[in-house]
$ cat protein22.cif   # mmCIF, C-alpha atoms
data_my_file
#
loop_
_atom_site.label_atom_id
_atom_site.label_comp_id
_atom_site.auth_asym_id
_atom_site.auth_seq_id
_atom_site.Cartn_x
_atom_site.Cartn_y
_atom_site.Cartn_z
CA MET A 115 41.30 8.80 -44.71
CA SER A 116 40.71 6.98 -47.95
CA ARG A 117 38.80 8.28 -50.93
CA GLU A 118 35.71 6.14 -51.42
CA ARG A 119 33.66 5.70 -54.56
CA ARG A 120 30.19 4.23 -54.39
CA VAL A 121 29.49 1.52 -56.93
CA GLY A 122 26.04 1.19 -58.43
CA SER A 123 24.53 -1.18 -60.91
CA ASP A 124 22.10 1.12 -62.70
CA ASN A 125 24.43 2.41 -65.42
CA GLY A 126 25.41 -0.54 -67.57
CA SER A 127 27.21 1.60 -70.13
CA ALA A 128 29.76 2.63 -67.51
CA LEU A 129 30.69 -0.95 -66.64
CA PRO A 130 33.53 -2.99 -68.12
CA GLN A 131 32.58 -5.60 -70.72
CA GLU A 132 32.81 -8.56 -68.33
CA ALA A 133 30.41 -6.90 -65.86
CA ARG A 134 27.87 -6.00 -68.59
CA ASP A 135 27.48 -9.42 -70.15
CA GLY A 136 26.28 -11.42 -67.13
CA GLY A 137 26.92 -15.09 -66.53
CA GLU A 138 30.47 -14.84 -67.87
CA ALA A 139 33.68 -15.95 -66.22
CA TYR A 140 35.52 -13.60 -63.91
CA ALA A 141 38.76 -11.94 -64.94
CA ARG A 142 41.96 -13.64 -63.89
CA PRO A 143 42.94 -13.09 -60.24
CA LYS A 144 45.34 -10.20 -59.84
CA ARG A 145 48.63 -11.14 -58.22
CA SER A 146 49.24 -7.50 -57.36
CA LEU A 147 46.18 -7.61 -55.07
CA GLY A 148 47.03 -11.02 -53.59
CA GLN A 149 43.80 -12.52 -54.89
CA ASN A 150 43.03 -16.14 -53.96
CA PHE A 151 39.27 -16.60 -54.00
CA LEU A 152 37.37 -18.86 -51.62
CA SER A 153 35.41 -21.37 -53.70
CA ASP A 154 33.92 -23.75 -51.10
CA PRO A 155 30.41 -22.73 -49.93
CA ASN A 156 30.62 -24.94 -46.85
CA MET A 157 33.77 -23.15 -45.70
CA ALA A 158 32.19 -19.79 -46.50
CA ALA A 159 29.17 -20.66 -44.34
CA LYS A 160 31.47 -21.76 -41.50
CA ILE A 161 33.40 -18.48 -41.60
CA VAL A 162 30.23 -16.37 -41.55
CA ALA A 163 28.79 -18.46 -38.70
CA ALA A 164 31.87 -17.57 -36.63
CA LEU A 165 30.85 -13.90 -36.82
CA GLY A 166 27.60 -14.57 -34.95
CA ILE A 167 25.37 -12.24 -36.95
CA ALA A 168 21.94 -11.58 -35.46
CA PRO A 169 19.03 -9.98 -37.36
CA GLY A 170 19.42 -6.22 -37.14
CA ASP A 171 23.23 -6.20 -36.90
CA THR A 172 25.43 -4.10 -39.16
CA VAL A 173 28.11 -6.08 -41.00
CA LEU A 174 31.19 -4.73 -42.76
CA GLU A 175 33.13 -7.03 -45.06
CA ILE A 176 36.67 -6.18 -46.10
CA GLY A 177 37.57 -7.43 -49.57
CA PRO A 178 34.46 -9.43 -50.57
CA GLY A 179 36.12 -10.38 -53.87
CA ARG A 180 33.77 -12.64 -55.85
CA GLY A 181 31.21 -12.64 -53.06
CA ALA A 182 31.84 -16.05 -51.49
CA LEU A 183 30.64 -14.85 -48.07
CA THR A 184 27.97 -12.44 -49.33
CA PRO A 185 24.93 -14.76 -49.63
CA PHE A 186 25.56 -16.23 -46.17
CA ILE A 187 25.88 -12.75 -44.66
CA LEU A 188 22.65 -11.61 -46.33
CA ASP A 189 20.86 -14.81 -45.24
CA ALA A 190 21.56 -13.79 -41.63
CA GLN A 191 19.36 -10.70 -42.22
CA PRO A 192 21.62 -7.89 -41.01
CA ALA A 193 20.12 -4.42 -40.93
CA ALA A 194 22.95 -3.25 -43.17
CA TYR A 195 25.70 -5.00 -45.13
CA LEU A 196 28.63 -2.82 -46.17
CA ALA A 197 31.58 -3.97 -48.26
CA LEU A 198 34.97 -2.44 -49.05
CA GLU A 199 36.51 -3.66 -52.31
CA LYS A 200 39.63 -2.30 -54.02
CA ASP A 201 39.17 -4.13 -57.34
CA ARG A 202 36.82 -2.06 -59.52
CA ASP A 203 35.53 -4.96 -61.63
CA LEU A 204 34.69 -7.03 -58.55
CA ALA A 205 33.08 -4.09 -56.77
CA VAL A 206 30.82 -3.39 -59.74
CA ARG A 207 29.82 -7.01 -60.09
CA LEU A 208 29.12 -7.51 -56.38
CA ALA A 209 26.84 -4.46 -56.34
CA ARG A 210 25.00 -5.71 -59.40
CA GLU A 211 24.53 -9.30 -58.26
CA HIS A 212 23.70 -8.47 -54.63
CA PRO A 213 21.50 -5.36 -54.42
CA GLY A 214 21.42 -5.75 -50.63
CA ALA A 215 25.13 -4.92 -50.43
CA ALA A 216 26.33 -1.32 -50.10
CA VAL A 217 29.71 -1.50 -51.85
CA ALA A 218 32.43 1.13 -51.58
CA MET A 219 35.39 0.90 -53.96
CA THR A 220 38.30 1.74 -51.70
CA ASP A 221 41.63 0.53 -50.36
CA ALA A 222 41.13 -0.83 -46.84
CA LEU A 223 44.77 -0.11 -46.01
CA ARG A 224 44.00 3.61 -46.31
CA MET A 225 40.93 3.57 -44.09
CA ASP A 226 40.60 5.65 -40.96
CA TRP A 227 39.28 2.85 -38.75
CA SER A 228 38.06 5.22 -36.06
CA ARG A 229 35.13 5.76 -38.46
CA LEU A 230 33.86 2.32 -37.45
CA ASP A 231 32.86 3.81 -34.13
CA ARG A 232 30.08 5.67 -35.95
CA LEU A 233 28.52 2.20 -36.28
CA PRO A 234 28.57 0.93 -32.69
CA GLY A 235 28.26 -2.83 -32.51
CA VAL A 236 29.29 -3.37 -36.14
CA ARG A 237 30.60 -6.84 -36.96
CA VAL A 238 33.60 -6.98 -39.28
CA ILE A 239 34.61 -9.89 -41.49
CA GLY A 240 37.14 -10.50 -44.22
CA ASN A 241 39.12 -13.09 -46.12
CA LEU A 242 42.24 -10.94 -46.10
CA PRO A 243 44.96 -11.13 -48.77
CA TYR A 244 48.10 -12.48 -47.16
CA ASN A 245 50.15 -9.41 -48.09
CA ILE A 246 47.96 -6.92 -46.22
CA ALA A 247 46.59 -8.85 -43.25
CA SER A 248 49.17 -7.85 -40.64
CA PRO A 249 49.27 -4.08 -41.31
CA LEU A 250 45.49 -3.94 -41.75
CA LEU A 251 44.75 -5.68 -38.44
CA TRP A 252 47.45 -3.59 -36.72
CA ASP A 253 45.57 -0.43 -37.75
CA LEU A 254 42.00 -1.71 -37.38
CA CYS A 255 42.26 -3.06 -33.84
CA ALA A 256 43.90 0.13 -32.60
CA GLY A 257 41.65 2.48 -34.56
CA SER A 258 38.25 1.23 -33.45
CA VAL A 259 36.88 0.49 -30.00
CA ALA A 260 33.16 0.08 -30.71
CA TYR A 261 32.99 -2.91 -33.09
CA ALA A 262 31.38 -6.00 -31.58
CA ARG A 263 33.48 -8.74 -33.17
CA GLY A 264 35.87 -9.28 -36.05
CA VAL A 265 36.41 -12.55 -37.92
CA PHE A 266 39.28 -12.76 -40.38
CA MET A 267 40.89 -15.39 -42.53
CA VAL A 268 44.65 -14.92 -42.77
CA GLN A 269 47.73 -16.98 -43.53
CA HIS A 270 48.04 -19.78 -40.96
CA GLU A 271 51.40 -18.52 -39.75
CA VAL A 272 49.92 -15.06 -39.13
CA ALA A 273 46.95 -16.59 -37.29
CA ARG A 274 49.34 -18.41 -34.95
CA ARG A 275 51.20 -15.16 -34.30
CA LEU A 276 47.98 -13.26 -33.63
CA ALA A 277 46.79 -15.85 -31.10
CA ALA A 278 50.22 -16.49 -29.54
CA VAL A 279 50.70 -16.18 -25.79
CA PRO A 280 53.73 -14.58 -24.07
CA GLY A 281 56.73 -16.88 -23.94
CA SER A 282 55.78 -18.86 -27.04
CA ARG A 283 57.90 -19.02 -30.17
CA GLU A 284 55.26 -17.24 -32.28
CA TYR A 285 54.72 -14.35 -29.85
CA GLY A 286 56.04 -11.09 -31.23
CA ALA A 287 55.26 -7.45 -31.89
CA LEU A 288 52.06 -8.23 -33.82
CA SER A 289 50.83 -10.57 -31.05
CA ALA A 290 51.50 -8.02 -28.33
CA TRP A 291 50.02 -5.07 -30.25
CA VAL A 292 46.79 -6.76 -31.28
CA GLY A 293 46.54 -8.41 -27.85
CA ALA A 294 46.71 -5.00 -26.19
CA PHE A 295 43.58 -3.89 -28.05
CA ALA A 296 41.61 -7.11 -28.53
CA ARG A 297 41.18 -10.66 -27.31
CA VAL A 298 42.16 -13.05 -30.06
CA ALA A 299 40.83 -16.58 -30.55
CA TYR A 300 42.16 -19.05 -33.09
CA CYS A 301 39.05 -20.58 -34.68
CA PHE A 302 39.99 -23.16 -37.31
CA LYS A 303 42.42 -24.04 -40.07
CA VAL A 304 41.55 -23.63 -43.77
CA PRO A 305 43.30 -25.80 -46.41
CA PRO A 306 44.57 -24.49 -49.77
CA THR A 307 42.12 -26.76 -51.63
CA VAL A 308 39.15 -24.43 -50.99
CA PHE A 309 40.70 -21.55 -52.96
CA ARG A 310 41.06 -20.70 -56.63
CA PRO A 311 43.89 -20.33 -57.40
CA ARG A 312 45.29 -22.49 -54.63
CA PRO A 313 47.80 -20.77 -52.36
CA LYS A 314 50.95 -22.67 -51.38
CA VAL A 315 50.26 -22.42 -47.63
CA ASP A 316 47.43 -23.06 -45.19
CA SER A 317 45.11 -20.34 -43.94
CA ALA A 318 43.24 -19.99 -40.65
CA VAL A 319 40.37 -18.00 -39.19
CA VAL A 320 40.77 -15.85 -36.09
CA ALA A 321 38.20 -13.90 -34.09
CA LEU A 322 38.85 -10.56 -32.40
CA THR A 323 36.81 -9.08 -29.56
CA PRO A 324 37.78 -5.51 -28.61
CA ARG A 325 39.00 -4.76 -25.13
CA THR A 326 37.19 -2.09 -23.14
CA ALA A 327 38.44 1.48 -23.22
CA ALA A 328 39.85 1.02 -19.71
CA GLU A 329 41.90 -2.01 -20.83
CA ARG A 330 43.40 -0.42 -23.92
CA PRO A 331 46.84 1.23 -23.95
CA THR A 332 46.83 4.87 -22.90
CA GLU A 333 49.98 5.61 -24.93
CA PRO A 334 49.59 3.64 -28.19
CA ALA A 335 52.29 5.57 -30.06
CA ALA A 336 54.78 4.85 -27.29
CA LEU A 337 53.76 1.18 -27.27
CA SER A 338 54.24 0.91 -31.03
CA ARG A 339 57.76 2.35 -30.77
CA LEU A 340 58.63 0.07 -27.87
CA LEU A 341 57.41 -3.08 -29.62
CA LYS A 342 59.33 -2.38 -32.80
CA PHE A 343 62.45 -1.65 -30.73
CA LEU A 344 62.24 -4.62 -28.36
CA PHE A 345 61.29 -7.25 -30.92
CA SER A 346 64.10 -6.21 -33.23
CA LEU A 347 66.29 -7.49 -30.35
CA ARG A 348 64.05 -10.34 -29.25
CA ARG A 349 66.86 -12.80 -28.50
CA LYS A 350 68.60 -10.38 -26.16
CA GLN A 351 67.85 -10.08 -22.45
CA LEU A 352 65.82 -7.15 -21.14
CA GLY A 353 68.51 -6.16 -18.67
CA GLY A 354 70.93 -5.47 -21.48
CA ILE A 355 68.38 -3.93 -23.83
CA LEU A 356 67.04 -1.47 -21.27
CA LYS A 357 70.30 -0.57 -19.54
CA PRO A 358 70.90 2.61 -21.61
CA TYR A 359 67.28 3.73 -21.14
CA GLY A 360 66.29 2.62 -17.65
CA ASP A 361 66.19 4.57 -14.40
CA VAL A 362 65.25 3.89 -10.80
CA ALA A 363 61.52 3.94 -11.63
CA THR A 364 61.97 1.44 -14.45
CA GLU A 365 64.05 -0.89 -12.30
CA ALA A 366 61.50 -0.67 -9.51
CA TRP A 367 58.68 -1.48 -11.91
CA LEU A 368 60.51 -4.50 -13.32
CA ALA A 369 61.16 -5.79 -9.80
CA GLN A 370 57.55 -5.23 -8.70
CA ALA A 371 56.27 -6.99 -11.83
CA GLY A 372 58.54 -9.93 -11.12
CA ILE A 373 60.41 -9.53 -14.40
CA GLU A 374 64.00 -10.78 -14.22
CA PRO A 375 66.79 -8.94 -16.07
CA ARG A 376 67.45 -12.14 -18.03
CA ALA A 377 63.87 -12.20 -19.38
CA ARG A 378 63.43 -11.55 -23.09
CA PRO A 379 60.86 -9.32 -24.83
CA GLU A 380 58.60 -12.28 -25.69
CA ASN A 381 58.16 -13.01 -21.97
CA LEU A 382 56.22 -9.78 -21.36
CA SER A 383 52.43 -9.66 -21.70
CA PRO A 384 50.68 -6.93 -23.71
CA GLU A 385 49.65 -5.28 -20.42
CA GLN A 386 53.24 -5.26 -19.13
CA LEU A 387 54.54 -3.90 -22.41
CA SER A 388 51.94 -1.13 -22.31
CA GLN A 389 53.08 -0.15 -18.82
CA LEU A 390 56.74 -0.25 -19.81
CA ALA A 391 56.00 1.94 -22.83
CA ILE A 392 54.66 4.65 -20.51
CA LEU A 393 57.82 4.54 -18.41
CA LEU A 394 60.10 4.78 -21.44
CA LYS A 395 58.04 6.98 -23.74
CA THR A 396 60.34 10.01 -23.49
CA ARG A 397 63.55 7.99 -23.90
CA LEU A 398 63.04 5.89 -27.00
CA GLY A 399 62.52 8.73 -29.44
CA SER A 400 59.80 9.02 -32.07
#

$ encode --input "protein22.cif" --output "structure tokens"
Amino acid sequence: MSRERRVGSDNGSALPQEARDGGEAYARPKRSLGQNFLSDPNMAAKIVAALGIAPGDTVLEIGPGRGALTPFILDAQPAAYLALEKDRDLAVRLAREHPGAAVAMTDALRMDWSRLDRLPGVRVIGNLPYNIASPLLWDLCAGSVAYARGVFMVQHEVARRLAAVPGSREYGALSAWVGAFARVAYCFKVPPTVFRPRPKVDSAVVALTPRTAAERPTEPAALSRLLKFLFSLRRKQLGGILKPYGDVATEAWLAQAGIEPRARPENLSPEQLSQLAILLKTRLGS
């Protein structure tokens, strides 16, 4: 669980110079935090609209940065707007300029996402830095079951992987893992021109809707191990990969599922991979 620090705007003497002066330019984006800030209000409005906020909802934003989405979120009149921001200067400034935001200065990669279930029906949004999007979504979708919807902007290549279907070139461990816990929809592409500084690649927005508890994997740790193992050998055939680990029950399951020995890992759906993980959980190690 991360250590969180609440950021207030009532103690000006504690703030850095740029946050005290007001109306001044922001500090330079930090490469170490992967900061590329959305600067187009029309795109910001489009991203927030994809979240489908209704009056009375609770909204959590991951990495609000300079607050591009904030006014559009607040205009939707949520009952509560929470924001997680790692950059101290940006967290302080967001809290000062938007009193309706409850800002916590924290690293989202260190969050215990099961805590989201204390806010049933929460809607989660974020323009995620490219360097943290995959591990963050890996943890978030598995950690929480009670959020209503998540909308995230990520690198276009990652968006294609998240929304990939079995058998496609982009389908891999991330696709199968997130797909086991959520339904993923590719929403729209975002060009580099709407950011400052401009990234060198396109971005895209995806929407996640959590699967029900009955649909989710019953052995997530075993599934994680299996995915990392299988997709490290993705060009090999399942018959050869599983030969040292299989038994009569595994062979019978593959036959019943209609999975040929010459099939490759990317041909299996998240549901099939979850079932296979249960069969092999004691044989693949920890």

$ atom_distance --input "protein22.cif" --atom1 "atom CA of A:Lys342" --atom2 "atom CA of A:Phe295"
16.5 Å

$ residues_around --input "protein22.cif" --residues "stretch 378-394 of chain A" --least-positions-apart "5" --cutoff "10 Å" --atoms "all atoms listed in the file" --output "PyMOL selection string"
chain A and resi 279-287+289-295+329-341+343-356+359-361+363-364+367-368+371+373+399

$ atom_distance --input "protein22.cif" --atom1 "atom CA of A:Ala194" --atom2 "atom CA of A:Phe151"
23.7 Å

$ atom_distance --input "protein22.cif" --atom1 "atom CA of A:Gly214" --atom2 "atom CA of A:Leu196"
9.0 Å

$ residues_near_point --input "protein22.cif" --point "(41.7, -21.3, -47.5)" --cutoff "12 Å" --atoms "only C-alpha atoms" --output "JSON, numbers by chain"
{"A": [149, 150, 151, 152, 153, 154, 155, 156, 157, 158, 160, 161, 182, 241, 242, 243, 244, 266, 267, 268, 269, 270, 302, 303, 304, 305, 306, 307, 308, 309, 310, 311, 312, 313, 314, 315, 316, 317, 318, 319]}
